[in-house]
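As provided, protein_38.txt (compact mmCIF, C-alpha atoms) reads as follows.
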```
# COMPACT_ATOMS: atom_id res chain seq x y z
CA MET L 1 0.00 0.00 0.00
CA LYS L 2 1.26 3.48 -0.83
CA THR L 3 1.91 5.93 1.98
CA THR L 4 0.92 9.57 1.75
CA CYS L 5 4.55 10.75 1.93
CA GLU L 6 5.65 8.65 -1.07
CA VAL L 7 6.61 10.95 -3.95
CA LEU L 8 5.22 9.73 -7.26
CA ARG L 9 6.56 12.60 -9.35
CA GLU L 10 8.43 15.83 -8.81
CA GLY L 11 9.32 18.58 -11.25
CA GLU L 12 8.37 21.84 -12.87
CA LEU L 13 4.95 22.85 -14.08
CA GLU L 14 3.20 26.20 -14.47
CA LYS L 15 -0.06 27.40 -12.96
CA ARG L 16 -2.10 30.22 -14.46
CA SER L 17 -2.66 32.95 -11.89
CA ASP L 18 -6.12 34.17 -10.94
CA SER L 19 -5.03 37.79 -11.39
CA LEU L 20 -6.31 40.12 -14.06
CA PHE L 21 -3.42 39.36 -16.42
CA GLN L 22 -3.54 35.56 -15.86
CA LEU L 23 0.22 35.11 -15.99
CA TRP L 24 1.83 31.68 -15.93
CA LYS L 25 3.77 31.11 -12.69
CA LYS L 26 6.47 28.45 -12.46
CA LYS L 27 5.92 25.97 -9.65
CA ARG L 28 7.75 22.92 -8.40
CA GLY L 29 5.14 20.20 -8.23
CA VAL L 30 5.32 17.24 -5.86
CA LEU L 31 2.76 14.51 -6.55
CA THR L 32 1.97 11.99 -3.80
CA PRO L 33 -0.77 9.33 -3.62
CA ASP L 34 -3.23 11.75 -2.00
CA ARG L 35 -2.32 15.27 -3.15
CA LEU L 36 -0.46 17.62 -5.45
CA ARG L 37 1.76 20.16 -3.69
CA LEU L 38 2.78 23.32 -5.55
CA PHE L 39 5.88 25.13 -4.31
CA PRO L 40 6.52 28.70 -5.47
CA ALA L 41 9.82 29.50 -7.18
CA GLY L 42 11.06 31.55 -4.18
CA PRO L 43 12.76 29.80 -1.27
CA GLY L 44 10.96 29.42 2.05
CA ALA L 45 7.45 30.02 0.71
CA ARG L 46 4.69 27.70 1.85
CA PRO L 47 3.34 25.25 -0.71
CA LYS L 48 -0.27 25.15 -1.83
CA GLU L 49 -1.93 21.76 -1.69
CA LEU L 50 -4.57 20.24 -3.90
CA ARG L 51 -5.85 17.21 -1.99
CA PHE L 52 -7.39 14.53 -4.16
CA HIS L 53 -10.56 14.32 -2.06
CA SER L 54 -11.31 17.84 -3.30
CA ILE L 55 -10.47 17.15 -6.98
CA LEU L 56 -13.21 16.02 -9.30
CA LYS L 57 -11.19 15.43 -12.48
CA VAL L 58 -8.36 16.45 -14.77
CA ASP L 59 -9.88 17.95 -17.89
CA CYS L 60 -9.29 19.92 -21.10
CA VAL L 61 -6.01 18.45 -22.23
CA GLU L 62 -4.57 20.31 -25.20
CA ARG L 63 -1.16 19.79 -26.73
CA THR L 64 0.74 22.49 -28.58
CA GLY L 65 4.27 22.32 -29.97
CA LYS L 66 5.95 23.04 -26.64
CA TYR L 67 3.34 22.62 -23.89
CA VAL L 68 0.52 20.43 -22.68
CA TYR L 69 -2.32 22.48 -21.17
CA PHE L 70 -4.75 20.92 -18.69
CA THR L 71 -7.34 21.94 -16.12
CA ILE L 72 -7.95 20.48 -12.68
CA VAL L 73 -11.63 20.73 -11.71
CA THR L 74 -12.35 20.75 -7.97
CA THR L 75 -15.44 19.39 -6.24
CA ASP L 76 -16.73 22.96 -5.83
CA ARG L 77 -16.40 23.38 -9.64
CA LYS L 78 -13.37 25.68 -9.50
CA GLU L 79 -11.09 25.31 -12.53
CA ILE L 80 -7.32 25.61 -12.11
CA ASP L 81 -5.28 25.84 -15.31
CA PHE L 82 -1.82 24.31 -15.69
CA ARG L 83 0.72 23.80 -18.41
CA CYS L 84 3.85 21.67 -18.55
CA ALA L 85 6.53 20.71 -21.03
CA GLY L 86 5.11 18.29 -23.58
CA GLU L 87 7.41 15.42 -22.63
CA SER L 88 6.82 15.74 -18.86
CA CYS L 89 3.27 14.26 -18.94
CA TRP L 90 2.16 15.85 -15.65
CA ASN L 91 -1.48 15.61 -16.73
CA ALA L 92 -1.24 11.82 -17.12
CA ALA L 93 0.60 11.36 -13.81
CA ILE L 94 -1.99 13.44 -11.93
CA THR L 95 -4.89 11.63 -13.62
CA LEU L 96 -3.49 8.19 -12.77
CA ALA L 97 -2.78 9.18 -9.16
CA LEU L 98 -6.31 10.62 -8.85
CA ILE L 99 -7.90 7.42 -10.21
CA ASP L 100 -5.76 5.31 -7.86
CA PHE L 101 -6.84 7.53 -4.93
CA GLN L 102 -10.53 7.25 -5.88
CA ASN L 103 -10.24 3.46 -6.21
CA ARG L 104 -8.88 3.23 -2.65
CA GLN L 105 -11.85 5.12 -1.20
CA PRO L 106 -14.72 3.13 0.35
CA HIS L 107 -17.60 2.73 -2.03
CA THR L 108 -21.10 3.34 -0.78
CA ALA L 109 -24.07 1.47 -2.16
CA PRO L 110 -26.53 3.62 -4.07
CA VAL L 111 -29.57 4.51 -2.01
CA ARG L 112 -32.79 3.22 -3.51
CA PRO L 113 -35.84 5.43 -3.13
CA HIS L 114 -38.46 4.20 -0.65
CA ARG L 115 -41.63 2.96 -2.33
CA PRO L 116 -44.63 2.65 -0.05
CA SER L 117 -46.27 -0.73 -0.52
CA GLY L 118 -49.42 -0.27 1.50
CA ARG L 119 -49.89 -2.01 4.83
CA VAL L 120 -47.14 -3.96 6.54
CA GLY L 121 -47.27 -7.62 5.58
CA GLN L 122 -49.65 -7.02 2.71
CA GLU L 123 -48.80 -7.81 -0.91
CA PRO L 124 -49.11 -4.88 -3.27
CA GLY L 125 -52.39 -5.00 -5.14
CA SER L 126 -54.20 -7.20 -2.59
CA THR L 127 -56.85 -6.23 -0.05
CA ARG L 128 -57.15 -6.99 3.65
CA ASP L 129 -59.71 -9.81 3.18
CA GLY L 130 -57.57 -11.58 0.56
CA GLY L 131 -59.76 -10.56 -2.37
CA SER L 132 -58.82 -8.58 -5.41
CA PRO L 133 -58.57 -4.81 -5.21
CA SER L 134 -61.60 -4.45 -7.51
CA GLY L 135 -64.12 -6.07 -5.15
CA PRO L 136 -64.98 -9.00 -2.89
CA SER L 137 -63.97 -12.44 -3.98
CA THR L 138 -66.61 -14.89 -5.13
CA ARG L 139 -65.59 -18.32 -3.95
```
How does this structure look as structure tokens?
Amino acid sequence: MKTTCEVLREGELEKRSDSLFQLWKKKRGVLTPDRLRLFPAGPGARPKELRFHSILKVDCVERTGKYVYFTIVTTDRKEIDFRCAGESCWNAAITLALIDFQNRQPHTAPVRPHRPSGRVGQEPGSTRDGGSPSGPSTR
């Protein structure tokens, strides 16, 4: 079993800023089995974490000559844009780690809607005296 401190991938990728100019900021990414950490280029800065329990999917993969562009969609529908060098395949590594994380989570059975069936112990469509619903039985 993989531990949460195991590093699956480490390297450079770029995140598009949320600012007005939407500049691409270089980050050092560290991918583990349960999260993606993004370290700013400056020393001593605190990393930002994208935990997989809050990620819905990796989407919108587009390849250009130099970069691969992709979007991480969070469970609250926020979209975070990234790009990486074409040969680095960060999008594939994140997608595989996310699928592996989701497969390790406990699955819950789908809840079936409650359908009232009449009285307790009574077959649907029958009446209390054992006759048909349309009238008394003629035996």
Problem set entry | Gap from atom CA of Glu87 of chain L to atom CA of Val68 of chain L - Å, one decimal | 8.5 Å
Exercise. What's the 9 Å shell around Lys66 of chain L, counting all atoms listed in the file, without same-chain residues fewer than 5 positions away, as a VMD selection string?
Worked result: chain L and resid 84 to 87
For this session: Select, counting only C-alpha atoms, all protein, DNA and RNA residues no farther than 9 Å from (-2.3, 8.7, -1.3) in file coordinates, and express the selection as a PyMOL selection string.
Result: chain L and resi 2-6+32-35+52+97-98+100-101+104
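The neighbours of Glu62 of chain L here are the residues that come within 10 Å of it, using only C-alpha atoms and leaving out any residue fewer than 6 positions away in the same chain; they are L:Val68, L:Tyr69, L:Phe70, L:Thr71, L:Arg83.
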For this session: Could you check how far atom CA of Arg16 of chain L sits from atom CA of Lys78 of chain L, in Å to one decimal?
Result: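 Straight-line distance from atom CA of Arg16 of chain L to atom CA of Lys78 of chain L works out to 13.1 Å.
Here atom CA of Tyr67 of chain L is placed at a distance of 23.3 Å from atom CA of Ile99 of chain L.
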Exercise. Between L:Trp90, L:Ser54, L:Leu96, L:Ser17, which is the closest to Gly29 of chain L once you count all atoms listed in the file?
Worked result: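 Once distances to Gly29 of chain L are computed over all atoms listed in the file, the minimum belongs to L:Trp90.
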For this session: Excluding Gly42 of chain L and residues on its chain fewer than 6 positions from it, collect all residues at most 12 Å away from it, counting all atoms listed in the file, and give them as an NGL selection string.
Result: :L and (25-28)
Using all atoms of segment 38-41 of chain L listed in the file and a margin of 4 Å per side, can you give the axis-aligned box centre and edge lengths in Å to one decimal, as lines of an AutoDock Vina configuration file?
```
center_x = 6.3
center_y = 26.4
center_z = -5.7
size_x = 15.0
size_y = 14.2
size_z = 10.9
```
